[in-house]
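Asker: One file: query13.cif (mmCIF, C-alpha atoms).
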```cif
data_run
#
loop_
_atom_site.label_atom_id
_atom_site.label_comp_id
_atom_site.auth_asym_id
_atom_site.auth_seq_id
_atom_site.Cartn_x
_atom_site.Cartn_y
_atom_site.Cartn_z
CA MET A 238 23.35 25.10 1.62
CA ASP A 239 25.75 22.48 2.90
CA PHE A 240 23.97 19.41 4.27
CA ARG A 241 27.12 17.68 5.42
CA LEU A 242 26.80 16.93 9.13
CA GLU A 243 29.48 17.97 11.57
CA PRO A 244 31.36 15.12 13.34
CA ASP A 245 29.78 15.98 16.70
CA VAL A 246 26.30 15.71 15.17
CA LEU A 247 27.15 12.35 13.61
CA HIS A 248 28.44 11.16 16.98
CA LEU A 249 25.25 12.37 18.66
CA ARG A 250 23.16 10.50 16.09
CA GLU A 251 24.92 7.26 16.91
CA ARG A 252 24.45 7.81 20.65
CA VAL A 253 20.72 8.37 20.21
CA ARG A 254 20.39 5.41 17.85
CA ALA A 255 22.03 3.13 20.42
CA PHE A 256 19.84 4.50 23.22
CA ILE A 257 16.66 3.90 21.23
CA SER A 258 17.76 0.37 20.36
CA ASP A 259 18.88 -0.54 23.87
CA VAL A 260 16.29 1.26 26.03
CA ALA A 261 13.24 2.61 24.20
CA ILE A 262 12.33 -0.25 21.86
CA PRO A 263 12.64 -2.97 24.56
CA ALA A 264 10.26 -0.89 26.74
CA GLU A 265 7.53 -0.82 24.09
CA ASN A 266 5.99 -3.97 25.56
CA ASP A 267 6.04 -2.61 29.11
CA PRO A 268 2.51 -2.99 30.56
CA ARG A 269 2.66 0.49 32.13
CA GLN A 270 0.94 2.15 29.17
CA ASP A 271 -2.56 2.20 27.74
CA SER A 272 -4.73 4.03 25.20
CA HIS A 273 -3.85 7.32 26.90
CA GLY A 274 -0.10 6.85 26.58
CA PRO A 275 2.79 5.80 28.83
CA HIS A 276 1.97 5.89 32.53
CA GLU A 277 3.88 8.34 34.69
CA ALA A 278 5.89 5.52 36.30
CA LEU A 279 7.12 4.34 32.91
CA ARG A 280 7.88 7.91 31.83
CA ARG A 281 9.98 8.50 34.93
CA ASP A 282 11.91 5.26 34.44
CA LEU A 283 12.68 6.18 30.83
CA ILE A 284 13.65 9.71 31.86
CA GLU A 285 16.21 8.31 34.30
CA HIS A 286 17.73 6.15 31.55
CA ALA A 287 18.06 9.21 29.30
CA ARG A 288 19.56 11.21 32.16
CA SER A 289 22.17 8.51 32.71
CA ALA A 290 22.94 8.46 28.99
CA GLY A 291 23.35 12.24 28.87
CA LEU A 292 20.44 12.57 26.42
CA LEU A 293 17.76 14.22 28.55
CA THR A 294 16.04 17.34 27.14
CA PRO A 295 18.86 18.00 24.66
CA HIS A 296 16.98 20.78 22.84
CA ALA A 297 16.90 23.06 25.91
CA SER A 298 19.53 25.75 26.37
CA VAL A 299 22.81 24.98 28.07
CA GLU A 300 21.82 27.46 30.78
CA MET A 301 18.72 25.41 31.58
CA GLY A 302 20.57 22.11 31.48
CA GLY A 303 20.22 21.08 27.84
CA MET A 304 22.65 20.88 24.93
CA GLY A 305 21.58 24.06 23.12
CA LEU A 306 21.31 22.21 19.81
CA THR A 307 20.97 23.88 16.45
CA HIS A 308 17.80 23.13 14.51
CA ILE A 309 19.79 20.93 12.12
CA ALA A 310 21.19 18.93 15.05
CA LYS A 311 17.67 18.61 16.45
CA ALA A 312 16.45 17.33 13.07
CA VAL A 313 19.00 14.52 13.18
CA MET A 314 18.52 13.69 16.85
CA PHE A 315 14.72 13.89 16.89
CA GLU A 316 14.42 11.60 13.88
CA GLU A 317 16.49 8.97 15.66
CA ALA A 318 14.46 9.40 18.85
CA GLY A 319 11.23 9.02 16.88
CA TYR A 320 12.24 5.57 15.65
CA SER A 321 10.49 4.32 18.80
CA TRP A 322 7.17 5.77 19.96
CA LEU A 323 8.71 5.86 23.45
CA GLY A 324 11.92 7.57 22.36
CA PRO A 325 10.67 11.18 22.52
CA THR A 326 9.06 10.51 25.91
CA ALA A 327 12.28 9.03 27.25
CA MET A 328 14.37 11.99 26.09
CA ASN A 329 11.81 14.61 27.18
CA ILE A 330 11.37 15.92 23.64
CA HIS A 331 7.75 14.90 23.06
CA ALA A 332 4.82 17.20 22.48
CA PRO A 333 3.54 19.30 24.14
CA ASP A 334 6.50 19.64 26.53
CA GLU A 335 9.07 20.16 23.79
CA GLY A 336 7.17 23.11 22.32
CA ASN A 337 6.35 24.52 25.75
CA ILE A 338 10.01 24.38 26.76
CA HIS A 339 10.92 26.37 23.65
CA LEU A 340 8.19 28.93 24.35
CA MET A 341 9.16 29.31 28.01
CA GLU A 342 12.80 29.80 27.08
CA GLU A 343 11.83 32.59 24.69
CA VAL A 344 9.16 34.40 26.70
CA ALA A 345 9.11 33.49 30.42
CA THR A 346 10.54 35.72 33.14
CA PRO A 347 13.53 34.52 35.19
CA ALA A 348 11.21 33.73 38.10
CA GLN A 349 8.85 31.73 35.86
CA LYS A 350 11.77 29.79 34.42
CA GLU A 351 12.99 28.78 37.85
CA ARG A 352 9.50 27.84 39.01
CA TRP A 353 8.37 25.83 35.99
CA LEU A 354 10.96 25.57 33.22
CA ARG A 355 14.03 24.30 35.06
CA PRO A 356 12.25 21.35 36.75
CA GLN A 357 10.61 20.58 33.42
CA VAL A 358 13.96 20.49 31.64
CA GLN A 359 15.18 18.17 34.40
CA GLY A 360 12.27 15.83 33.62
CA HIS A 361 10.63 16.22 37.02
CA ILE A 362 7.39 17.82 35.80
CA ARG A 363 5.19 17.93 32.70
CA SER A 364 3.06 20.63 31.11
CA CYS A 365 0.16 21.12 28.73
CA PHE A 366 -0.92 23.88 26.34
CA ALA A 367 -4.60 24.87 26.49
CA MET A 368 -5.75 26.67 23.36
CA THR A 369 -8.15 24.44 21.37
CA GLU A 370 -11.82 24.74 22.33
CA PRO A 371 -15.13 23.03 21.51
CA ALA A 372 -17.30 24.80 18.95
CA PRO A 373 -17.95 27.66 18.63
CA GLY A 374 -14.53 28.31 20.19
CA ALA A 375 -11.03 28.29 18.73
CA GLY A 376 -9.84 25.36 16.64
CA ALA A 377 -7.90 25.75 13.41
CA ASP A 378 -9.07 29.37 13.55
CA PRO A 379 -7.52 30.82 16.73
CA SER A 380 -9.39 34.11 16.30
CA MET A 381 -12.51 32.31 17.57
CA LEU A 382 -10.97 32.09 21.05
CA ALA A 383 -13.82 31.99 23.58
CA THR A 384 -12.06 31.48 26.94
CA THR A 385 -12.08 34.80 28.80
CA ALA A 386 -9.72 36.56 31.21
CA LYS A 387 -11.30 39.36 33.26
CA LYS A 388 -9.36 41.74 35.47
CA ASP A 389 -9.73 41.13 39.19
CA GLY A 390 -7.50 43.21 41.47
CA ASN A 391 -3.87 42.24 40.88
CA GLY A 392 -4.79 39.35 38.65
CA TYR A 393 -7.33 37.84 36.28
CA ARG A 394 -10.25 35.41 36.44
CA ILE A 395 -10.19 32.85 33.66
CA SER A 396 -13.29 30.95 32.52
CA GLY A 397 -13.70 28.67 29.55
CA HIS A 398 -13.67 25.20 28.08
CA LYS A 399 -10.75 23.49 26.31
CA TRP A 400 -10.35 20.11 24.65
CA PHE A 401 -7.76 18.02 22.79
CA ILE A 402 -5.33 19.22 25.47
CA THR A 403 -2.45 16.80 25.07
CA GLY A 404 -0.83 15.67 28.31
CA ALA A 405 -3.40 17.36 30.57
CA ASP A 406 -3.85 14.31 32.79
CA GLY A 407 -0.91 14.39 35.19
CA ALA A 408 0.53 17.70 33.96
CA ASN A 409 2.00 19.93 36.65
CA TYR A 410 1.27 23.23 34.95
CA VAL A 411 -0.72 24.60 32.04
CA ILE A 412 -0.25 27.44 29.57
CA ILE A 413 -3.70 28.93 28.97
CA MET A 414 -4.67 31.06 26.00
CA ALA A 415 -7.52 33.42 26.92
CA ARG A 416 -9.23 36.47 25.45
CA MET A 417 -8.89 39.77 27.28
CA GLU A 418 -11.72 42.25 27.68
CA ASP A 419 -10.30 44.36 24.83
CA GLY A 420 -10.45 41.36 22.47
CA SER A 421 -6.72 40.60 22.44
CA ALA A 422 -5.28 37.25 23.52
CA THR A 423 -2.94 36.60 26.45
CA MET A 424 -1.10 33.52 27.73
CA PHE A 425 -1.31 32.63 31.41
CA LEU A 426 0.62 30.12 33.54
CA ALA A 427 -1.14 28.11 36.23
CA ASP A 428 -0.41 25.08 38.38
CA MET A 429 -2.75 22.20 37.63
CA GLY A 430 -4.86 20.69 40.38
CA GLN A 431 -5.87 23.97 41.98
CA PRO A 432 -9.49 25.12 42.43
CA GLY A 433 -10.87 26.44 39.19
CA ILE A 434 -9.25 23.79 36.95
CA THR A 435 -11.18 20.60 36.23
CA LEU A 436 -10.07 17.71 34.03
CA GLU A 437 -13.51 16.57 32.89
CA ARG A 438 -12.38 13.49 30.97
CA ASN A 439 -9.75 11.99 28.72
CA MET A 440 -10.75 11.63 25.08
CA GLU A 441 -10.38 8.29 23.34
CA ALA A 442 -8.09 8.94 20.38
CA MET A 443 -6.43 6.96 17.60
CA ASP A 444 -2.96 7.78 18.90
CA SER A 445 -1.65 6.47 22.21
CA CYS A 446 1.91 7.79 22.36
CA PHE A 447 1.45 10.93 24.49
CA THR A 448 1.76 10.68 28.28
CA GLY A 449 -1.53 11.95 29.72
CA GLY A 450 -3.49 11.43 26.51
CA HIS A 451 -5.81 14.22 25.33
CA GLY A 452 -7.95 15.87 27.97
CA VAL A 453 -11.03 18.07 28.24
CA LEU A 454 -10.39 20.95 30.66
CA ARG A 455 -12.77 23.43 32.23
CA PHE A 456 -11.70 26.69 33.84
CA ASP A 457 -14.18 28.12 36.34
CA ASN A 458 -13.24 31.58 37.54
CA LEU A 459 -9.61 30.49 37.91
CA TYR A 460 -7.55 33.22 39.55
CA VAL A 461 -4.14 33.93 37.99
CA PRO A 462 -1.98 36.73 39.45
CA GLU A 463 -0.37 39.25 37.11
CA GLU A 464 3.10 37.81 37.70
CA ASP A 465 1.96 34.55 36.11
CA ILE A 466 1.15 36.13 32.75
CA LEU A 467 3.46 34.59 30.16
CA GLY A 468 5.06 37.41 28.23
CA GLU A 469 3.16 40.64 27.68
CA PRO A 470 -0.63 40.99 27.90
CA GLY A 471 -2.31 41.04 24.51
CA LYS A 472 0.47 39.22 22.64
CA GLY A 473 -0.85 35.68 22.96
CA PHE A 474 -1.29 35.09 19.23
CA ARG A 475 2.22 36.37 18.54
CA TYR A 476 3.66 34.01 21.15
CA ALA A 477 1.63 31.15 19.72
CA GLN A 478 3.55 31.57 16.46
CA ILE A 479 6.85 31.55 18.38
CA ARG A 480 5.82 28.18 19.71
CA LEU A 481 4.04 26.67 16.72
CA ALA A 482 6.48 27.35 13.86
CA PRO A 483 9.35 25.27 15.32
CA ALA A 484 6.92 22.83 16.99
CA ARG A 485 5.43 21.91 13.61
CA LEU A 486 8.92 21.11 12.40
CA THR A 487 9.88 18.99 15.40
CA HIS A 488 6.71 16.96 14.84
CA CYS A 489 7.98 16.32 11.31
CA MET A 490 11.34 15.23 12.71
CA ARG A 491 9.93 12.75 15.22
CA TRP A 492 7.39 11.22 12.87
CA LEU A 493 10.04 10.80 10.20
CA GLY A 494 11.69 8.33 12.57
CA GLN A 495 8.46 6.35 12.91
CA ALA A 496 7.88 6.33 9.15
CA ARG A 497 11.46 5.16 8.60
CA ARG A 498 10.94 2.33 11.07
CA ALA A 499 7.78 1.22 9.26
CA HIS A 500 9.70 1.26 5.98
CA ASP A 501 12.55 -0.78 7.47
CA ALA A 502 10.03 -3.36 8.68
CA ALA A 503 8.38 -3.49 5.25
CA VAL A 504 11.74 -3.96 3.49
CA GLU A 505 12.63 -6.83 5.81
CA TYR A 506 9.24 -8.47 5.32
CA ALA A 507 9.32 -8.06 1.53
CA ARG A 508 12.82 -9.51 1.42
CA LYS A 509 11.88 -12.69 3.31
CA ARG A 510 8.22 -13.35 2.55
CA GLN A 511 7.66 -15.68 -0.41
CA ALA A 512 4.65 -15.46 -2.73
CA PHE A 513 4.11 -17.02 -6.15
CA GLY A 514 7.54 -18.58 -6.18
CA LYS A 515 9.69 -15.59 -5.24
CA PRO A 516 10.18 -12.96 -2.51
CA LEU A 517 7.59 -10.19 -2.35
CA ALA A 518 10.35 -7.68 -3.05
CA GLU A 519 10.78 -9.14 -6.53
CA HIS A 520 7.16 -8.44 -7.43
CA GLU A 521 6.89 -5.14 -9.25
CA GLY A 522 3.89 -3.88 -7.27
CA VAL A 523 5.71 -4.28 -3.96
CA SER A 524 9.08 -3.08 -5.21
CA PHE A 525 7.51 0.10 -6.59
CA MET A 526 5.95 0.83 -3.18
CA LEU A 527 9.35 0.47 -1.53
CA ALA A 528 10.86 2.85 -4.08
CA ASP A 529 8.05 5.34 -3.49
CA ASN A 530 8.67 5.08 0.26
CA ASP A 531 12.31 5.94 -0.21
CA MET A 532 11.43 9.01 -2.27
CA ASP A 533 8.85 10.21 0.24
CA LEU A 534 11.24 9.75 3.16
CA HIS A 535 13.99 11.60 1.33
CA THR A 536 11.64 14.43 0.32
CA ALA A 537 10.42 14.82 3.91
CA ARG A 538 13.96 14.89 5.27
CA LEU A 539 15.03 17.53 2.75
CA HIS A 540 12.08 19.76 3.72
CA ILE A 541 12.91 19.34 7.40
CA TRP A 542 16.59 20.09 6.95
CA HIS A 543 15.94 23.06 4.68
CA THR A 544 13.50 24.65 7.14
CA ALA A 545 15.82 23.84 10.06
CA TRP A 546 18.68 25.52 8.20
CA LEU A 547 16.56 28.64 7.67
CA LEU A 548 15.64 28.71 11.37
CA ASP A 549 19.33 28.46 12.24
CA GLN A 550 19.88 31.56 10.05
CA GLY A 551 17.38 33.48 12.18
CA ASN A 552 14.38 33.34 9.86
CA ARG A 553 10.88 33.04 11.38
CA CYS A 554 9.88 30.47 8.73
CA ASN A 555 6.10 30.55 9.26
CA PHE A 556 5.52 29.88 5.55
CA GLU A 557 8.25 27.25 5.34
CA SER A 558 7.11 25.47 8.49
CA SER A 559 3.57 25.26 7.08
CA ARG A 560 4.94 23.84 3.83
CA ALA A 561 7.14 21.33 5.66
CA LYS A 562 4.27 20.29 7.91
CA VAL A 563 2.00 19.50 4.96
CA VAL A 564 4.69 17.83 2.85
CA CYS A 565 6.04 15.73 5.72
CA SER A 566 2.76 14.70 7.31
CA GLU A 567 1.36 13.56 3.97
CA ALA A 568 4.57 11.91 2.75
CA GLN A 569 5.07 10.07 6.02
CA TRP A 570 1.44 8.96 6.00
CA ARG A 571 1.85 7.55 2.49
CA VAL A 572 4.93 5.64 3.61
CA VAL A 573 3.20 3.99 6.55
CA ASP A 574 0.05 3.26 4.53
CA ARG A 575 2.13 1.48 1.90
CA CYS A 576 3.91 -0.49 4.61
CA VAL A 577 0.58 -1.75 5.92
CA GLN A 578 -0.29 -2.85 2.39
CA ILE A 579 3.02 -4.64 1.92
CA LEU A 580 2.62 -6.60 5.15
CA GLY A 581 -0.97 -7.49 4.34
CA GLY A 582 -2.69 -9.20 7.25
CA GLN A 583 0.36 -8.71 9.46
CA GLY A 584 0.11 -4.99 8.85
CA VAL A 585 -3.32 -4.64 10.43
CA THR A 586 -2.61 -6.58 13.62
CA ALA A 587 -0.57 -5.86 16.71
CA GLU A 588 1.73 -8.69 15.66
CA LYS A 589 3.85 -6.01 13.99
CA GLU A 590 4.73 -2.49 15.05
CA ILE A 591 3.33 -1.02 11.84
CA MET A 592 -0.29 -1.07 13.02
CA ARG A 593 0.66 1.00 16.07
CA ILE A 594 2.65 3.46 13.94
CA PHE A 595 -0.29 3.72 11.51
CA THR A 596 -2.81 4.66 14.20
CA ASP A 597 -0.43 7.07 15.92
CA LEU A 598 0.65 8.82 12.74
CA ARG A 599 -2.77 9.47 11.19
CA ALA A 600 -3.47 12.37 13.57
CA PHE A 601 -0.34 14.20 12.40
CA ARG A 602 -2.21 15.49 9.33
CA ILE A 603 -4.61 17.27 11.72
CA TYR A 604 -2.84 18.54 14.82
CA ASP A 605 -0.81 21.74 14.73
CA GLY A 606 -3.13 22.75 11.90
CA PRO A 607 -4.76 20.45 9.35
CA SER A 608 -3.20 20.31 5.90
CA GLU A 609 -6.09 22.23 4.38
CA VAL A 610 -5.58 25.22 6.70
CA HIS A 611 -1.85 25.34 5.96
CA ARG A 612 -2.53 25.19 2.20
CA TRP A 613 -5.05 28.00 2.51
CA SER A 614 -2.63 30.11 4.54
CA MET A 615 0.20 29.48 2.09
CA ALA A 616 -1.99 30.32 -0.90
CA ARG A 617 -2.96 33.65 0.67
CA LYS A 618 0.70 34.56 1.12
CA ILE A 619 1.52 33.47 -2.43
CA ILE A 620 -1.22 35.73 -3.83
CA GLN A 621 -0.18 38.62 -1.58
CA ALA A 622 3.41 38.30 -2.78
CA ALA A 623 2.26 38.20 -6.43
CA GLU A 624 0.06 41.26 -5.97
CA ALA A 625 2.89 43.15 -4.26
CA GLN A 626 5.25 42.28 -7.09
CA ALA A 627 2.68 43.31 -9.71
CA SER A 628 2.24 46.68 -8.03
CA GLY A 629 5.97 47.22 -7.79
CA GLY A 630 6.07 46.77 -4.02
CA GLN A 631 7.98 44.42 -1.80
CA ALA A 632 6.63 41.00 -0.85
CA ALA A 633 6.05 40.59 2.87
#
```
Rewrite the structure from the file as structure tokens, please.
Answerer:
Amino acid sequence: MDFRLEPDVLHLRERVRAFISDVAIPAENDPRQDSHGPHEALRRDLIEHARSAGLLTPHASVEMGGMGLTHIAKAVMFEEAGYSWLGPTAMNIHAPDEGNIHLMEEVATPAQKERWLRPQVQGHIRSCFAMTEPAPGAGADPSMLATTAKKDGNGYRISGHKWFITGADGANYVIIMARMEDGSATMFLADMGQPGITLERNMEAMDSCFTGGHGVLRFDNLYVPEEDILGEPGKGFRYAQIRLAPARLTHCMRWLGQARRAHDAAVEYARKRQAFGKPLAEHEGVSFMLADNDMDLHTARLHIWHTAWLLDQGNRCNFESSRAKVVCSEAQWRVVDRCVQILGGQGVTAEKEIMRIFTDLRAFRIYDGPSEVHRWSMARKIIQAAEAQASGGQAA
């Protein structure tokens, strides 16, 4: 593996870094945002800045209006965008839209792409992905899917309850995961705001970086015509993996930028703040935390780049993306937690950006699969591979 970056990727990194410094970070104090994320007006303003800078939706295909980046190039660009909690929103690479764009590119029909994907790539509309359900429905275990899709003429009637649906408030369309009458799962596309879709409420969450927050949705006999099925009927779980494997990795990329920013702030504070006759950075306890931060950041970046490289080689990387998600989410959390400790009282107030990063980042160890579920899944595959090897077979 050669981790040297091509000149065009290095140039792109500098362009994104300048954009984040000049546009995204100054907008962090804009009043058009609250506990449920940036308001639509702020999002649209930021989108226009990114459009003018030639940095809007860069991960989309060239055909759809993006840059068609490799996964390695995305790793570099997304980290820089993530340095500000508004950067991914500005560049139209935030969850859930980023993952939905990837899924639509892979699975949607030409007509569906023109109707939903192209305006989304252009930053004109947003989307949400409705899979997670209240108990006893699907959560970390998608096989518990309870939302149903029943045949009705040339379409289906969808009924069910979803929650933790990021970006639901203000989204223009939704991708719905529902169980068919034969027990299989299918994805459906539907415009939001039509009869049969109700946004019951927005959930109060620790994080506040996603436009539209996290909503609770109810589907009451929603009619979806056959032409709005996403992909083939019965292949919903397969398509979920197409979406989730790279989406886990792009989360790692974006949050690496936030963790790096927290570390930079901690280094600056430790360098200047005096205690017991010398700068904090000269005290062993603080200096060791800074060193540990550097190692965690480097480890996370290596996992991201390695998995991105494998994806660029055409590998599915479900195992590797699980490993990267656990390693990165936990390493990045340790970095930010140490930064809070280094800043002391300043670290637990809105006087510094670290408190905001801390509350936003904590959820990363849970969404797209909690660490425990990924460890369990990885362990199963490790044992299966060992058993196959012991029996003289081939590992899956």
Asker: Could you pull out every residue with an atom within 10 Å of (-0.6, 41.3, 23.3), file coordinates, counting all atoms listed in the file, and send them as a PyMOL selection string?
Answerer: chain A and resi 417+420-424+468-476
Asker: List the residues matched by the PyMOL selection byres ((chain A and resi 487) around 10) in the displayed structure as a list in words, ordered by chain and then by residue number.
Answerer: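 Answer for the PyMOL selection byres ((chain A and resi 487) around 10): His308, Lys311, Ala312, Phe315, Glu316, Ile330, His331, Ala332, Glu335, Gly336, Leu481, Ala482, Pro483, Ala484, Arg485, Leu486, His488, Cys489, Met490, Arg491, Trp492, Leu493, Ile541, Ala545, Ser558 and Lys562 of chain A.
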Asker: What residues come out when you apply the PyMOL selection byres ((chain A and resi 396) around 8) to this file, written as a list in words?
Answerer: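 This file, filtered by the PyMOL selection byres ((chain A and resi 396) around 8), leaves Thr384, Thr385, Ala386, Arg394, Ile395, Gly397, His398, Arg455, Phe456, Asp457, Asn458 and Leu459 of chain A.
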Asker: Atoms to include: C-alpha atoms. Write the selected residues as a PDB file, in the frame of the given file.
Answerer:
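Ended up saving to out27.pdb:
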```pdb
ATOM      1  CA  THR A 384     -12.060  31.480  26.940  1.00  0.00           C
ATOM      2  CA  THR A 385     -12.080  34.800  28.800  1.00  0.00           C
ATOM      3  CA  ALA A 386      -9.720  36.560  31.210  1.00  0.00           C
ATOM      4  CA  ARG A 394     -10.250  35.410  36.440  1.00  0.00           C
ATOM      5  CA  ILE A 395     -10.190  32.850  33.660  1.00  0.00           C
ATOM      6  CA  GLY A 397     -13.700  28.670  29.550  1.00  0.00           C
ATOM      7  CA  HIS A 398     -13.670  25.200  28.080  1.00  0.00           C
ATOM      8  CA  ARG A 455     -12.770  23.430  32.230  1.00  0.00           C
ATOM      9  CA  PHE A 456     -11.700  26.690  33.840  1.00  0.00           C
ATOM     10  CA  ASP A 457     -14.180  28.120  36.340  1.00  0.00           C
ATOM     11  CA  ASN A 458     -13.240  31.580  37.540  1.00  0.00           C
ATOM     12  CA  LEU A 459      -9.610  30.490  37.910  1.00  0.00           C
TER      13      LEU A 459
END
```
Asker: Given the choices A:Pro347, A:Gly376, A:Gly291, A:Gly494, which gets closest to Leu598 (chain A) if the distance is worked out from only C-alpha atoms?
Answerer: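 Once distances to Leu598 (chain A) are computed over only C-alpha atoms, the minimum belongs to A:Gly494.
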Asker: Region 516-532 of chain A: which residues within 8 Å, counting all atoms listed in the file, same-chain residues fewer than 3 positions away excluded, as an MDAnalysis selection string?
Answerer: chainID A and resid 500 503:504 507:512 535:536 571:572 575 579
Asker: With distances taken over all atoms listed in the file, which residue among A:Pro268, A:Gly430, A:Gly452, A:Gly305 lies nearest Phe366 (chain A)?
Answerer: A:Gly452
Asker: Taking the file above as input, evaluate the PyMOL selection byres ((chain A and resi 286) around 12) and report the hits as a ChimeraX atom specification.
Answerer: /A:253,256-257,259-261,264,279-285,287-293,324,326-329,360
Asker: Using C-alpha atoms, can you export the residues from the last selection as a PDB file, keeping the file's coordinate frame?
Answerer:
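File written: result_35.pdb
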```pdb
ATOM      1  CA  VAL A 253      20.720   8.370  20.210  1.00  0.00           C
ATOM      2  CA  PHE A 256      19.840   4.500  23.220  1.00  0.00           C
ATOM      3  CA  ILE A 257      16.660   3.900  21.230  1.00  0.00           C
ATOM      4  CA  ASP A 259      18.880  -0.540  23.870  1.00  0.00           C
ATOM      5  CA  VAL A 260      16.290   1.260  26.030  1.00  0.00           C
ATOM      6  CA  ALA A 261      13.240   2.610  24.200  1.00  0.00           C
ATOM      7  CA  ALA A 264      10.260  -0.890  26.740  1.00  0.00           C
ATOM      8  CA  LEU A 279       7.120   4.340  32.910  1.00  0.00           C
ATOM      9  CA  ARG A 280       7.880   7.910  31.830  1.00  0.00           C
ATOM     10  CA  ARG A 281       9.980   8.500  34.930  1.00  0.00           C
ATOM     11  CA  ASP A 282      11.910   5.260  34.440  1.00  0.00           C
ATOM     12  CA  LEU A 283      12.680   6.180  30.830  1.00  0.00           C
ATOM     13  CA  ILE A 284      13.650   9.710  31.860  1.00  0.00           C
ATOM     14  CA  GLU A 285      16.210   8.310  34.300  1.00  0.00           C
ATOM     15  CA  ALA A 287      18.060   9.210  29.300  1.00  0.00           C
ATOM     16  CA  ARG A 288      19.560  11.210  32.160  1.00  0.00           C
ATOM     17  CA  SER A 289      22.170   8.510  32.710  1.00  0.00           C
ATOM     18  CA  ALA A 290      22.940   8.460  28.990  1.00  0.00           C
ATOM     19  CA  GLY A 291      23.350  12.240  28.870  1.00  0.00           C
ATOM     20  CA  LEU A 292      20.440  12.570  26.420  1.00  0.00           C
ATOM     21  CA  LEU A 293      17.760  14.220  28.550  1.00  0.00           C
ATOM     22  CA  GLY A 324      11.920   7.570  22.360  1.00  0.00           C
ATOM     23  CA  THR A 326       9.060  10.510  25.910  1.00  0.00           C
ATOM     24  CA  ALA A 327      12.280   9.030  27.250  1.00  0.00           C
ATOM     25  CA  MET A 328      14.370  11.990  26.090  1.00  0.00           C
ATOM     26  CA  ASN A 329      11.810  14.610  27.180  1.00  0.00           C
ATOM     27  CA  GLY A 360      12.270  15.830  33.620  1.00  0.00           C
TER      28      GLY A 360
END
```
Asker: Which distance in Å separates CA of Phe447 (chain A) and CA of Pro333 (chain A), to one decimal?
Answerer: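 Computing it gives 8.6 Å between the two atoms.
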Asker: When distances are computed from only C-alpha atoms, which of A:Tyr460, A:Asp239, A:Asp406, A:Met414 shows the smallest separation from Glu437 (chain A)?
Answerer: A:Asp406
Asker: Hey, which of A:Ile479, A:Glu609, A:Leu340, A:Glu243 ends up closest to Leu548 (chain A)? Count all atoms listed in the file.
Answerer: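 When distances to Leu548 (chain A) are compared using all atoms listed in the file, the smallest one comes from A:Ile479.
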